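**Q** Supplied structure: query-v3.cif, mmCIF, N, CA and C atoms and all ligand atoms.
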```
data_model
#
loop_
_atom_site.label_atom_id
_atom_site.label_comp_id
_atom_site.auth_asym_id
_atom_site.auth_seq_id
_atom_site.Cartn_x
_atom_site.Cartn_y
_atom_site.Cartn_z
N MET C 10 6.46 25.76 -40.04
CA MET C 10 6.27 27.14 -39.59
C MET C 10 5.09 27.79 -40.32
N LEU C 11 5.06 27.61 -41.64
CA LEU C 11 3.95 28.20 -42.41
C LEU C 11 2.63 27.56 -42.03
N ARG C 12 2.70 26.26 -41.83
CA ARG C 12 1.46 25.56 -41.47
C ARG C 12 0.92 26.06 -40.14
N GLU C 13 1.80 26.20 -39.18
CA GLU C 13 1.39 26.69 -37.86
C GLU C 13 0.75 28.08 -37.98
N ALA C 14 1.37 28.92 -38.78
CA ALA C 14 0.85 30.29 -38.96
C ALA C 14 -0.53 30.25 -39.61
N ALA C 15 -0.69 29.39 -40.62
CA ALA C 15 -1.98 29.30 -41.32
C ALA C 15 -3.06 28.75 -40.39
N ARG C 16 -2.68 27.76 -39.60
CA ARG C 16 -3.64 27.18 -38.65
C ARG C 16 -4.07 28.21 -37.61
N GLY C 17 -3.13 28.99 -37.17
CA GLY C 17 -3.42 29.99 -36.15
C GLY C 17 -4.40 31.03 -36.63
N VAL C 18 -4.17 31.52 -37.83
CA VAL C 18 -5.04 32.60 -38.34
C VAL C 18 -6.40 32.06 -38.75
N LEU C 19 -6.46 30.80 -39.15
CA LEU C 19 -7.75 30.16 -39.49
C LEU C 19 -8.73 30.29 -38.33
N GLU C 20 -8.23 30.22 -37.12
CA GLU C 20 -9.10 30.32 -35.94
C GLU C 20 -9.79 31.67 -35.87
N ARG C 21 -9.23 32.66 -36.52
CA ARG C 21 -9.81 33.99 -36.46
C ARG C 21 -10.68 34.32 -37.67
N ALA C 22 -10.90 33.34 -38.54
CA ALA C 22 -11.76 33.58 -39.71
C ALA C 22 -13.14 34.05 -39.26
N HIS C 23 -13.72 34.93 -40.06
CA HIS C 23 -15.10 35.35 -39.83
C HIS C 23 -15.94 34.68 -40.90
N ALA C 24 -16.49 33.52 -40.55
CA ALA C 24 -17.19 32.71 -41.56
C ALA C 24 -18.52 32.17 -41.04
N PRO C 25 -19.38 33.07 -40.55
CA PRO C 25 -20.64 32.60 -39.96
C PRO C 25 -21.63 32.08 -41.00
N TYR C 26 -21.43 32.40 -42.27
CA TYR C 26 -22.42 32.03 -43.29
C TYR C 26 -22.09 30.71 -43.97
N SER C 27 -20.83 30.50 -44.28
CA SER C 27 -20.44 29.26 -44.95
C SER C 27 -19.90 28.22 -43.97
N ASP C 28 -19.40 28.68 -42.84
CA ASP C 28 -18.68 27.83 -41.90
C ASP C 28 -17.41 27.23 -42.51
N VAL C 29 -16.98 27.77 -43.63
CA VAL C 29 -15.69 27.37 -44.22
C VAL C 29 -14.65 28.35 -43.69
N ARG C 30 -13.76 27.83 -42.87
CA ARG C 30 -12.70 28.67 -42.31
C ARG C 30 -11.42 28.43 -43.07
N VAL C 31 -10.78 29.51 -43.47
CA VAL C 31 -9.56 29.39 -44.27
C VAL C 31 -8.48 30.28 -43.63
N GLY C 32 -7.27 29.75 -43.59
CA GLY C 32 -6.12 30.52 -43.12
C GLY C 32 -5.01 30.40 -44.13
N ALA C 33 -4.37 31.50 -44.46
CA ALA C 33 -3.28 31.49 -45.43
C ALA C 33 -2.04 32.11 -44.81
N ALA C 34 -0.89 31.50 -45.06
CA ALA C 34 0.39 32.06 -44.60
C ALA C 34 1.28 32.23 -45.82
N LEU C 35 1.66 33.47 -46.07
CA LEU C 35 2.41 33.84 -47.27
C LEU C 35 3.85 34.15 -46.87
N LEU C 36 4.78 33.42 -47.45
CA LEU C 36 6.20 33.60 -47.13
C LEU C 36 6.83 34.57 -48.12
N ALA C 37 7.32 35.69 -47.62
CA ALA C 37 7.98 36.67 -48.48
C ALA C 37 9.43 36.26 -48.71
N GLU C 38 10.02 36.79 -49.76
CA GLU C 38 11.42 36.46 -50.07
C GLU C 38 12.37 36.90 -48.96
N ASP C 39 11.99 37.93 -48.23
CA ASP C 39 12.86 38.40 -47.14
C ASP C 39 12.66 37.61 -45.84
N GLY C 40 11.82 36.57 -45.89
CA GLY C 40 11.64 35.70 -44.74
C GLY C 40 10.44 36.02 -43.87
N ARG C 41 9.83 37.17 -44.11
CA ARG C 41 8.66 37.49 -43.30
C ARG C 41 7.46 36.64 -43.73
N VAL C 42 6.57 36.40 -42.78
CA VAL C 42 5.37 35.63 -43.05
C VAL C 42 4.15 36.51 -42.79
N PHE C 43 3.26 36.55 -43.76
CA PHE C 43 2.05 37.36 -43.65
C PHE C 43 0.84 36.43 -43.69
N THR C 44 -0.05 36.62 -42.74
CA THR C 44 -1.19 35.72 -42.65
C THR C 44 -2.48 36.45 -43.00
N GLY C 45 -3.46 35.67 -43.39
CA GLY C 45 -4.78 36.21 -43.66
C GLY C 45 -5.84 35.14 -43.45
N CYS C 46 -7.03 35.55 -43.06
CA CYS C 46 -8.15 34.63 -42.94
C CYS C 46 -9.31 35.18 -43.77
N ASN C 47 -10.28 34.32 -44.08
CA ASN C 47 -11.42 34.83 -44.83
C ASN C 47 -12.33 35.65 -43.92
N VAL C 48 -12.86 36.70 -44.50
CA VAL C 48 -13.76 37.61 -43.76
C VAL C 48 -15.05 37.72 -44.56
N GLU C 49 -16.08 37.06 -44.05
CA GLU C 49 -17.37 37.08 -44.75
C GLU C 49 -18.18 38.28 -44.32
N ASN C 50 -19.27 38.52 -45.08
CA ASN C 50 -20.12 39.67 -44.80
C ASN C 50 -21.57 39.28 -45.04
N ALA C 51 -22.48 39.90 -44.30
CA ALA C 51 -23.91 39.64 -44.48
C ALA C 51 -24.34 39.97 -45.90
N SER C 52 -23.64 40.89 -46.53
CA SER C 52 -23.81 41.13 -47.95
C SER C 52 -22.79 40.22 -48.64
N PHE C 53 -23.21 39.01 -48.99
CA PHE C 53 -22.30 37.90 -49.27
C PHE C 53 -21.17 38.24 -50.24
N GLY C 54 -21.51 39.03 -51.25
CA GLY C 54 -20.52 39.31 -52.30
C GLY C 54 -19.32 40.10 -51.80
N LEU C 55 -19.40 40.62 -50.61
CA LEU C 55 -18.28 41.41 -50.06
C LEU C 55 -17.26 40.56 -49.34
N THR C 56 -17.51 39.28 -49.27
CA THR C 56 -16.56 38.36 -48.63
C THR C 56 -15.17 38.47 -49.28
N ILE C 57 -14.15 38.41 -48.44
CA ILE C 57 -12.78 38.41 -48.95
C ILE C 57 -12.09 37.13 -48.49
N CYS C 58 -11.38 36.51 -49.41
CA CYS C 58 -10.71 35.24 -49.12
C CYS C 58 -9.45 35.46 -48.28
N ALA C 59 -9.05 34.38 -47.63
CA ALA C 59 -7.85 34.38 -46.78
C ALA C 59 -6.60 34.78 -47.56
N GLU C 60 -6.44 34.22 -48.74
CA GLU C 60 -5.21 34.45 -49.51
C GLU C 60 -5.07 35.92 -49.89
N ARG C 61 -6.17 36.52 -50.33
CA ARG C 61 -6.09 37.93 -50.73
C ARG C 61 -5.88 38.83 -49.52
N ASN C 62 -6.42 38.44 -48.38
CA ASN C 62 -6.15 39.24 -47.18
C ASN C 62 -4.68 39.15 -46.79
N ALA C 63 -4.09 37.99 -46.99
CA ALA C 63 -2.65 37.84 -46.69
C ALA C 63 -1.83 38.72 -47.64
N VAL C 64 -2.20 38.73 -48.91
CA VAL C 64 -1.48 39.57 -49.87
C VAL C 64 -1.61 41.05 -49.49
N ALA C 65 -2.79 41.46 -49.13
CA ALA C 65 -3.01 42.88 -48.78
C ALA C 65 -2.16 43.28 -47.58
N ARG C 66 -2.09 42.40 -46.60
CA ARG C 66 -1.25 42.69 -45.43
C ARG C 66 0.21 42.83 -45.83
N ALA C 67 0.66 41.93 -46.68
CA ALA C 67 2.07 41.95 -47.10
C ALA C 67 2.39 43.23 -47.86
N ILE C 68 1.55 43.58 -48.79
CA ILE C 68 1.81 44.77 -49.60
C ILE C 68 1.82 46.00 -48.71
N ALA C 69 0.89 46.07 -47.78
CA ALA C 69 0.84 47.23 -46.88
C ALA C 69 2.09 47.34 -46.02
N ASP C 70 2.73 46.20 -45.77
CA ASP C 70 3.96 46.21 -44.97
C ASP C 70 5.22 46.26 -45.83
N GLY C 71 5.04 46.43 -47.12
CA GLY C 71 6.20 46.66 -47.99
C GLY C 71 6.82 45.42 -48.59
N ALA C 72 6.20 44.27 -48.43
CA ALA C 72 6.72 43.05 -49.07
C ALA C 72 6.00 42.86 -50.41
N THR C 73 6.78 42.63 -51.46
CA THR C 73 6.15 42.49 -52.79
C THR C 73 6.61 41.23 -53.52
N ARG C 74 7.57 40.51 -52.92
CA ARG C 74 8.08 39.31 -53.58
C ARG C 74 7.90 38.13 -52.64
N PHE C 75 7.38 37.03 -53.20
CA PHE C 75 6.97 35.92 -52.34
C PHE C 75 7.48 34.58 -52.86
N ARG C 76 7.69 33.67 -51.90
CA ARG C 76 8.18 32.33 -52.25
C ARG C 76 7.08 31.27 -52.22
N ALA C 77 6.24 31.34 -51.19
CA ALA C 77 5.29 30.24 -50.99
C ALA C 77 4.08 30.70 -50.22
N ILE C 78 3.00 29.96 -50.39
CA ILE C 78 1.80 30.20 -49.58
C ILE C 78 1.29 28.85 -49.09
N TRP C 79 0.93 28.80 -47.82
CA TRP C 79 0.33 27.59 -47.25
C TRP C 79 -1.13 27.93 -46.96
N ILE C 80 -2.02 27.08 -47.41
CA ILE C 80 -3.45 27.33 -47.24
C ILE C 80 -4.07 26.21 -46.40
N GLU C 81 -4.64 26.58 -45.28
CA GLU C 81 -5.32 25.64 -44.39
C GLU C 81 -6.81 25.92 -44.44
N ALA C 82 -7.62 24.89 -44.31
CA ALA C 82 -9.07 25.09 -44.25
C ALA C 82 -9.66 24.04 -43.32
N ASN C 83 -10.84 24.32 -42.80
CA ASN C 83 -11.49 23.33 -41.94
C ASN C 83 -12.27 22.33 -42.79
N ARG C 84 -11.58 21.84 -43.81
CA ARG C 84 -12.15 20.85 -44.72
C ARG C 84 -11.12 19.74 -44.91
N PRO C 85 -11.57 18.49 -44.91
CA PRO C 85 -10.60 17.42 -45.14
C PRO C 85 -9.96 17.58 -46.52
N GLY C 86 -8.68 17.47 -46.57
CA GLY C 86 -8.00 17.62 -47.86
C GLY C 86 -7.73 19.06 -48.22
N GLY C 87 -8.11 19.98 -47.35
CA GLY C 87 -7.81 21.39 -47.60
C GLY C 87 -8.69 21.98 -48.67
N LEU C 88 -8.24 23.05 -49.24
CA LEU C 88 -9.06 23.82 -50.18
C LEU C 88 -8.12 24.53 -51.14
N ALA C 89 -8.33 24.33 -52.42
CA ALA C 89 -7.47 24.97 -53.42
C ALA C 89 -7.88 26.44 -53.55
N PRO C 90 -6.92 27.30 -53.88
CA PRO C 90 -7.25 28.73 -53.98
C PRO C 90 -8.26 28.99 -55.10
N CYS C 91 -9.17 29.90 -54.84
CA CYS C 91 -10.19 30.23 -55.85
C CYS C 91 -9.54 31.01 -57.00
N GLY C 92 -10.28 31.17 -58.07
CA GLY C 92 -9.73 31.84 -59.25
C GLY C 92 -9.28 33.26 -58.98
N ALA C 93 -10.06 33.99 -58.20
CA ALA C 93 -9.70 35.38 -57.90
C ALA C 93 -8.37 35.43 -57.15
N CYS C 94 -8.20 34.53 -56.20
CA CYS C 94 -6.95 34.52 -55.42
C CYS C 94 -5.77 34.11 -56.30
N ARG C 95 -5.97 33.17 -57.20
CA ARG C 95 -4.89 32.78 -58.12
C ARG C 95 -4.43 34.00 -58.91
N GLN C 96 -5.39 34.76 -59.39
CA GLN C 96 -5.04 35.93 -60.20
C GLN C 96 -4.31 36.98 -59.38
N VAL C 97 -4.75 37.21 -58.17
CA VAL C 97 -4.10 38.22 -57.32
C VAL C 97 -2.69 37.76 -56.93
N LEU C 98 -2.53 36.50 -56.64
CA LEU C 98 -1.18 35.98 -56.33
C LEU C 98 -0.27 36.09 -57.54
N HIS C 99 -0.82 35.83 -58.72
CA HIS C 99 -0.02 35.89 -59.95
C HIS C 99 0.57 37.28 -60.17
N GLU C 100 -0.14 38.30 -59.76
CA GLU C 100 0.33 39.68 -59.92
C GLU C 100 1.73 39.86 -59.33
N PHE C 101 1.98 39.18 -58.23
CA PHE C 101 3.24 39.38 -57.50
C PHE C 101 4.21 38.22 -57.61
N ALA C 102 3.69 37.00 -57.79
CA ALA C 102 4.57 35.84 -57.71
C ALA C 102 4.09 34.72 -58.63
N PRO C 103 4.34 34.84 -59.93
CA PRO C 103 3.84 33.83 -60.86
C PRO C 103 4.39 32.43 -60.60
N ASP C 104 5.57 32.36 -59.97
CA ASP C 104 6.18 31.04 -59.70
C ASP C 104 6.00 30.59 -58.26
N LEU C 105 5.10 31.23 -57.56
CA LEU C 105 4.87 30.91 -56.14
C LEU C 105 4.64 29.41 -55.94
N TRP C 106 5.18 28.87 -54.84
CA TRP C 106 4.82 27.51 -54.42
C TRP C 106 3.52 27.58 -53.62
N VAL C 107 2.59 26.71 -53.96
CA VAL C 107 1.32 26.63 -53.24
C VAL C 107 1.30 25.31 -52.47
N ALA C 108 1.19 25.40 -51.16
CA ALA C 108 1.20 24.20 -50.31
C ALA C 108 -0.17 23.98 -49.70
N LEU C 109 -0.71 22.78 -49.93
CA LEU C 109 -1.98 22.38 -49.32
C LEU C 109 -1.71 21.19 -48.43
N PRO C 110 -2.31 21.16 -47.24
CA PRO C 110 -2.01 20.06 -46.33
C PRO C 110 -2.50 18.72 -46.87
N ARG C 111 -1.67 17.72 -46.67
CA ARG C 111 -2.09 16.34 -46.95
C ARG C 111 -1.56 15.49 -45.80
N GLY C 112 -2.45 15.18 -44.87
CA GLY C 112 -2.03 14.49 -43.65
C GLY C 112 -1.01 15.34 -42.92
N ALA C 113 0.09 14.72 -42.52
CA ALA C 113 1.14 15.46 -41.81
C ALA C 113 2.04 16.18 -42.80
N ASP C 114 1.82 15.94 -44.08
CA ASP C 114 2.70 16.47 -45.13
C ASP C 114 1.94 17.54 -45.93
N ALA C 115 2.46 17.85 -47.11
CA ALA C 115 1.80 18.86 -47.95
C ALA C 115 1.88 18.46 -49.41
N THR C 116 0.92 18.91 -50.16
CA THR C 116 1.00 18.82 -51.62
C THR C 116 1.53 20.16 -52.11
N LEU C 117 2.59 20.09 -52.91
CA LEU C 117 3.21 21.32 -53.42
C LEU C 117 2.99 21.41 -54.92
N ALA C 118 2.60 22.59 -55.38
CA ALA C 118 2.50 22.84 -56.82
C ALA C 118 2.80 24.31 -57.06
N ARG C 119 3.16 24.61 -58.26
CA ARG C 119 3.42 26.01 -58.61
C ARG C 119 2.09 26.72 -58.91
N LEU C 120 2.06 28.00 -58.62
CA LEU C 120 0.87 28.79 -58.96
C LEU C 120 0.59 28.68 -60.46
N SER C 121 1.65 28.60 -61.26
CA SER C 121 1.46 28.51 -62.72
C SER C 121 0.75 27.21 -63.12
N ASP C 122 0.79 26.20 -62.26
CA ASP C 122 0.01 24.98 -62.53
C ASP C 122 -1.48 25.24 -62.28
N TYR C 123 -1.75 26.08 -61.30
CA TYR C 123 -3.14 26.41 -60.98
C TYR C 123 -3.72 27.44 -61.96
N LEU C 124 -2.85 28.24 -62.54
CA LEU C 124 -3.32 29.32 -63.42
C LEU C 124 -2.44 29.38 -64.67
N PRO C 125 -2.60 28.40 -65.56
CA PRO C 125 -1.78 28.40 -66.78
C PRO C 125 -2.20 29.53 -67.72
N ASP C 126 -1.26 29.96 -68.54
CA ASP C 126 -1.54 31.02 -69.53
C ASP C 126 -2.16 32.24 -68.88
N ALA C 127 -1.62 32.61 -67.74
CA ALA C 127 -2.24 33.69 -66.96
C ALA C 127 -2.11 35.05 -67.64
N PHE C 128 -3.11 35.84 -67.47
CA PHE C 128 -3.04 37.26 -67.80
C PHE C 128 -2.33 37.95 -66.64
N GLY C 129 -1.42 38.86 -66.96
CA GLY C 129 -0.70 39.52 -65.88
C GLY C 129 -0.13 40.85 -66.30
N PRO C 130 0.72 41.42 -65.43
CA PRO C 130 1.27 42.74 -65.69
C PRO C 130 1.93 42.87 -67.06
N GLY C 131 2.60 41.82 -67.50
CA GLY C 131 3.29 41.86 -68.79
C GLY C 131 2.36 42.09 -69.96
N ASP C 132 1.12 41.70 -69.80
CA ASP C 132 0.15 41.87 -70.88
C ASP C 132 -0.28 43.33 -71.07
N LEU C 133 0.09 44.17 -70.12
CA LEU C 133 -0.29 45.58 -70.22
C LEU C 133 0.86 46.44 -70.75
N ALA C 134 1.99 45.78 -71.07
CA ALA C 134 3.14 46.54 -71.57
C ALA C 134 2.77 47.22 -72.87
N ARG C 135 3.19 48.45 -73.01
CA ARG C 135 2.85 49.22 -74.23
C ARG C 135 3.86 48.94 -75.32
N1 LIG Q 201 -12.43 31.06 -49.43
C1 LIG Q 201 -11.16 31.49 -49.17
O1 LIG Q 201 -10.89 32.11 -48.13
N2 LIG Q 201 -10.20 31.20 -50.08
C2 LIG Q 201 -10.40 30.54 -51.25
O2 LIG Q 201 -9.48 30.42 -52.05
C3 LIG Q 201 -11.71 29.93 -51.52
C4 LIG Q 201 -12.81 30.34 -50.62
C5 LIG Q 201 -13.49 31.38 -48.46
C6 LIG Q 201 -14.43 32.45 -48.92
C7 LIG Q 201 -15.68 32.12 -48.13
O3 LIG Q 201 -15.63 32.78 -46.89
C8 LIG Q 201 -15.60 30.63 -47.90
O4 LIG Q 201 -14.27 30.25 -48.20
C9 LIG Q 201 -16.56 29.81 -48.76
O5 LIG Q 201 -16.44 30.14 -50.10
#
```
Would you put the structure from the file into structure tokens?
**A**
Amino acid sequence: MLREAARGVLERAHAPYSDVRVGAALLAEDGRVFTGCNVENASFGLTICAERNAVARAIADGATRFRAIWIEANRPGGLAPCGACRQVLHEFAPDLWVALPRGADATLARLSDYLPDAFGPGDLAR
């Protein structure tokens, strides 16, 4: 289900500059799925990744707790989340499962494997 959602939104990526299309499907604890695709810009630095767009959609709809994210890309072997996306995902779900396609199956790892010793909300406690 997550894979289908990620594949679907990947088709809507706006990636005329890199031609790297990414689709992310974020599973909330309440069962809802929020999708996002990358949105590039002629001013390159304004590009936003698929994963962060999925998070923004979820937060705007009131979901703040997440179980898993599936990331699809038009690249063989998929694409691991960039550092900025790891940090943004960590804000809400340090133990998130990250699924990357591998053939008909997926590679599963925890976000904490991608971002060990992460800086997060707890570091701002007074
Ligand atoms: N991209 C994502 O959408 N997610 C990532 O985690 C890595 C990179 C996008 C941004 C840009 O549009 C394209 O991939 C090439 O960097």
**Q** Find the axis-aligned box for segment 64-78 of chain C, covering all its listed atoms and adding 5 Å on each side, and write its centre and edge lengths in Å to one decimal as lines of an AutoDock Vina configuration file.
**A**
```
center_x = 2.6
center_y = 38.1
center_z = -49.3
size_x = 21.2
size_y = 28.5
size_z = 18.6
```
**Q** Would you mind listing, for every residue of chain C within 10 Å of ligand LIG 201 (chain Q), the two atoms forming the shortest contact and the distance between them in Å to one decimal, using only C-alpha atoms and all ligand atoms, sorted by chain and ascending residue number, as a tab-separated table?
**A**
```
residue	atom	partner	partner_atom	distance
C:Leu19	CA	Q:LIG201	O1	9.4
C:Ala22	CA	Q:LIG201	O3	8.2
C:His23	CA	Q:LIG201	O3	7.5
C:Ala24	CA	Q:LIG201	O3	5.6
C:Pro25	CA	Q:LIG201	O3	8.6
C:Tyr26	CA	Q:LIG201	O3	7.7
C:Ser27	CA	Q:LIG201	C9	5.5
C:Asp28	CA	Q:LIG201	C8	7.3
C:Val29	CA	Q:LIG201	C8	4.9
C:Arg30	CA	Q:LIG201	O4	6.3
C:Val31	CA	Q:LIG201	O1	4.9
C:Gly32	CA	Q:LIG201	O1	7.1
C:Ala33	CA	Q:LIG201	O1	8.1
C:Gly45	CA	Q:LIG201	O1	8.6
C:Cys46	CA	Q:LIG201	O1	6.4
C:Asn47	CA	Q:LIG201	O1	4.3
C:Val48	CA	Q:LIG201	O3	6.1
C:Glu49	CA	Q:LIG201	O3	5.1
C:Asn50	CA	Q:LIG201	O3	8.5
C:Phe53	CA	Q:LIG201	O3	8.7
C:Gly54	CA	Q:LIG201	C7	9.6
C:Leu55	CA	Q:LIG201	O3	9.6
C:Thr56	CA	Q:LIG201	O3	5.9
C:Ile57	CA	Q:LIG201	C6	6.2
C:Cys58	CA	Q:LIG201	O1	3.3
C:Ala59	CA	Q:LIG201	O1	4.0
C:Glu60	CA	Q:LIG201	N2	6.0
C:Arg61	CA	Q:LIG201	N2	7.9
C:Asn62	CA	Q:LIG201	O1	8.6
C:Ile80	CA	Q:LIG201	N2	8.3
C:Glu81	CA	Q:LIG201	O1	9.3
C:Ala82	CA	Q:LIG201	O1	8.2
C:Asn83	CA	Q:LIG201	O4	9.7
C:Leu88	CA	Q:LIG201	C3	6.8
C:Ala89	CA	Q:LIG201	O2	6.0
C:Pro90	CA	Q:LIG201	O2	3.4
C:Cys91	CA	Q:LIG201	O2	3.9
C:Gly92	CA	Q:LIG201	O2	7.3
C:Ala93	CA	Q:LIG201	O2	7.7
C:Cys94	CA	Q:LIG201	O2	5.9
C:Arg95	CA	Q:LIG201	O2	8.0
```
**Q** One decimal, in Å: what's the spacing between atom N of Phe75 of chain C and atom N of Ala108 of chain C?
**A**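 One can read the atom N of Phe75 of chain C to atom N of Ala108 of chain C distance as 13.3 Å.
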**Q** As a PyMOL selection string, please: every residue in chain C that DSSP puts in strand (DSSP E).
**A** chain C and resi 31-37+42-46+75-82+106-111+114-119
**Q** For the residues in that selection, give me N, CA and C atoms as a short mmCIF file (atom, residue, chain, number, x, y, z; two decimals), keeping the file's coordinate frame.
**A**
```
data_model
loop_
_atom_site.label_atom_id
_atom_site.label_comp_id
_atom_site.auth_asym_id
_atom_site.auth_seq_id
_atom_site.Cartn_x
_atom_site.Cartn_y
_atom_site.Cartn_z
N VAL C 31 -10.78 29.51 -43.47
CA VAL C 31 -9.56 29.39 -44.27
C VAL C 31 -8.48 30.28 -43.63
N GLY C 32 -7.27 29.75 -43.59
CA GLY C 32 -6.12 30.52 -43.12
C GLY C 32 -5.01 30.40 -44.13
N ALA C 33 -4.37 31.50 -44.46
CA ALA C 33 -3.28 31.49 -45.43
C ALA C 33 -2.04 32.11 -44.81
N ALA C 34 -0.89 31.50 -45.06
CA ALA C 34 0.39 32.06 -44.60
C ALA C 34 1.28 32.23 -45.82
N LEU C 35 1.66 33.47 -46.07
CA LEU C 35 2.41 33.84 -47.27
C LEU C 35 3.85 34.15 -46.87
N LEU C 36 4.78 33.42 -47.45
CA LEU C 36 6.20 33.60 -47.13
C LEU C 36 6.83 34.57 -48.12
N ALA C 37 7.32 35.69 -47.62
CA ALA C 37 7.98 36.67 -48.48
C ALA C 37 9.43 36.26 -48.71
N VAL C 42 6.57 36.40 -42.78
CA VAL C 42 5.37 35.63 -43.05
C VAL C 42 4.15 36.51 -42.79
N PHE C 43 3.26 36.55 -43.76
CA PHE C 43 2.05 37.36 -43.65
C PHE C 43 0.84 36.43 -43.69
N THR C 44 -0.05 36.62 -42.74
CA THR C 44 -1.19 35.72 -42.65
C THR C 44 -2.48 36.45 -43.00
N GLY C 45 -3.46 35.67 -43.39
CA GLY C 45 -4.78 36.21 -43.66
C GLY C 45 -5.84 35.14 -43.45
N CYS C 46 -7.03 35.55 -43.06
CA CYS C 46 -8.15 34.63 -42.94
C CYS C 46 -9.31 35.18 -43.77
N PHE C 75 7.38 37.03 -53.20
CA PHE C 75 6.97 35.92 -52.34
C PHE C 75 7.48 34.58 -52.86
N ARG C 76 7.69 33.67 -51.90
CA ARG C 76 8.18 32.33 -52.25
C ARG C 76 7.08 31.27 -52.22
N ALA C 77 6.24 31.34 -51.19
CA ALA C 77 5.29 30.24 -50.99
C ALA C 77 4.08 30.70 -50.22
N ILE C 78 3.00 29.96 -50.39
CA ILE C 78 1.80 30.20 -49.58
C ILE C 78 1.29 28.85 -49.09
N TRP C 79 0.93 28.80 -47.82
CA TRP C 79 0.33 27.59 -47.25
C TRP C 79 -1.13 27.93 -46.96
N ILE C 80 -2.02 27.08 -47.41
CA ILE C 80 -3.45 27.33 -47.24
C ILE C 80 -4.07 26.21 -46.40
N GLU C 81 -4.64 26.58 -45.28
CA GLU C 81 -5.32 25.64 -44.39
C GLU C 81 -6.81 25.92 -44.44
N ALA C 82 -7.62 24.89 -44.31
CA ALA C 82 -9.07 25.09 -44.25
C ALA C 82 -9.66 24.04 -43.32
N TRP C 106 5.18 28.87 -54.84
CA TRP C 106 4.82 27.51 -54.42
C TRP C 106 3.52 27.58 -53.62
N VAL C 107 2.59 26.71 -53.96
CA VAL C 107 1.32 26.63 -53.24
C VAL C 107 1.30 25.31 -52.47
N ALA C 108 1.19 25.40 -51.16
CA ALA C 108 1.20 24.20 -50.31
C ALA C 108 -0.17 23.98 -49.70
N LEU C 109 -0.71 22.78 -49.93
CA LEU C 109 -1.98 22.38 -49.32
C LEU C 109 -1.71 21.19 -48.43
N PRO C 110 -2.31 21.16 -47.24
CA PRO C 110 -2.01 20.06 -46.33
C PRO C 110 -2.50 18.72 -46.87
N ARG C 111 -1.67 17.72 -46.67
CA ARG C 111 -2.09 16.34 -46.95
C ARG C 111 -1.56 15.49 -45.80
N ASP C 114 1.82 15.94 -44.08
CA ASP C 114 2.70 16.47 -45.13
C ASP C 114 1.94 17.54 -45.93
N ALA C 115 2.46 17.85 -47.11
CA ALA C 115 1.80 18.86 -47.95
C ALA C 115 1.88 18.46 -49.41
N THR C 116 0.92 18.91 -50.16
CA THR C 116 1.00 18.82 -51.62
C THR C 116 1.53 20.16 -52.11
N LEU C 117 2.59 20.09 -52.91
CA LEU C 117 3.21 21.32 -53.42
C LEU C 117 2.99 21.41 -54.92
N ALA C 118 2.60 22.59 -55.38
CA ALA C 118 2.50 22.84 -56.82
C ALA C 118 2.80 24.31 -57.06
N ARG C 119 3.16 24.61 -58.26
CA ARG C 119 3.42 26.01 -58.61
C ARG C 119 2.09 26.72 -58.91
#
```
**Q** Please run DSSP on the backbone and report, as an MDAnalysis selection string, all residues within segment 30-82 of chain C that come out as alpha helix (DSSP H).
**A** chainID C and resid 59:69
**Q** Store the residues picked out above, limited to N, CA and C atoms, as an mmCIF file, keeping the file's coordinate frame.
**A**
```cif
data_model
loop_
_atom_site.group_PDB
_atom_site.id
_atom_site.type_symbol
_atom_site.label_atom_id
_atom_site.label_comp_id
_atom_site.auth_asym_id
_atom_site.auth_seq_id
_atom_site.Cartn_x
_atom_site.Cartn_y
_atom_site.Cartn_z
ATOM 1 N N ALA C 59 -9.050 34.380 -47.630
ATOM 2 C CA ALA C 59 -7.850 34.380 -46.780
ATOM 3 C C ALA C 59 -6.600 34.780 -47.560
ATOM 4 N N GLU C 60 -6.440 34.220 -48.740
ATOM 5 C CA GLU C 60 -5.210 34.450 -49.510
ATOM 6 C C GLU C 60 -5.070 35.920 -49.890
ATOM 7 N N ARG C 61 -6.170 36.520 -50.330
ATOM 8 C CA ARG C 61 -6.090 37.930 -50.730
ATOM 9 C C ARG C 61 -5.880 38.830 -49.520
ATOM 10 N N ASN C 62 -6.420 38.440 -48.380
ATOM 11 C CA ASN C 62 -6.150 39.240 -47.180
ATOM 12 C C ASN C 62 -4.680 39.150 -46.790
ATOM 13 N N ALA C 63 -4.090 37.990 -46.990
ATOM 14 C CA ALA C 63 -2.650 37.840 -46.690
ATOM 15 C C ALA C 63 -1.830 38.720 -47.640
ATOM 16 N N VAL C 64 -2.200 38.730 -48.910
ATOM 17 C CA VAL C 64 -1.480 39.570 -49.870
ATOM 18 C C VAL C 64 -1.610 41.050 -49.490
ATOM 19 N N ALA C 65 -2.790 41.460 -49.130
ATOM 20 C CA ALA C 65 -3.010 42.880 -48.780
ATOM 21 C C ALA C 65 -2.160 43.280 -47.580
ATOM 22 N N ARG C 66 -2.090 42.400 -46.600
ATOM 23 C CA ARG C 66 -1.250 42.690 -45.430
ATOM 24 C C ARG C 66 0.210 42.830 -45.830
ATOM 25 N N ALA C 67 0.660 41.930 -46.680
ATOM 26 C CA ALA C 67 2.070 41.950 -47.100
ATOM 27 C C ALA C 67 2.390 43.230 -47.860
ATOM 28 N N ILE C 68 1.550 43.580 -48.790
ATOM 29 C CA ILE C 68 1.810 44.770 -49.600
ATOM 30 C C ILE C 68 1.820 46.000 -48.710
ATOM 31 N N ALA C 69 0.890 46.070 -47.780
ATOM 32 C CA ALA C 69 0.840 47.230 -46.880
ATOM 33 C C ALA C 69 2.090 47.340 -46.020
#
```
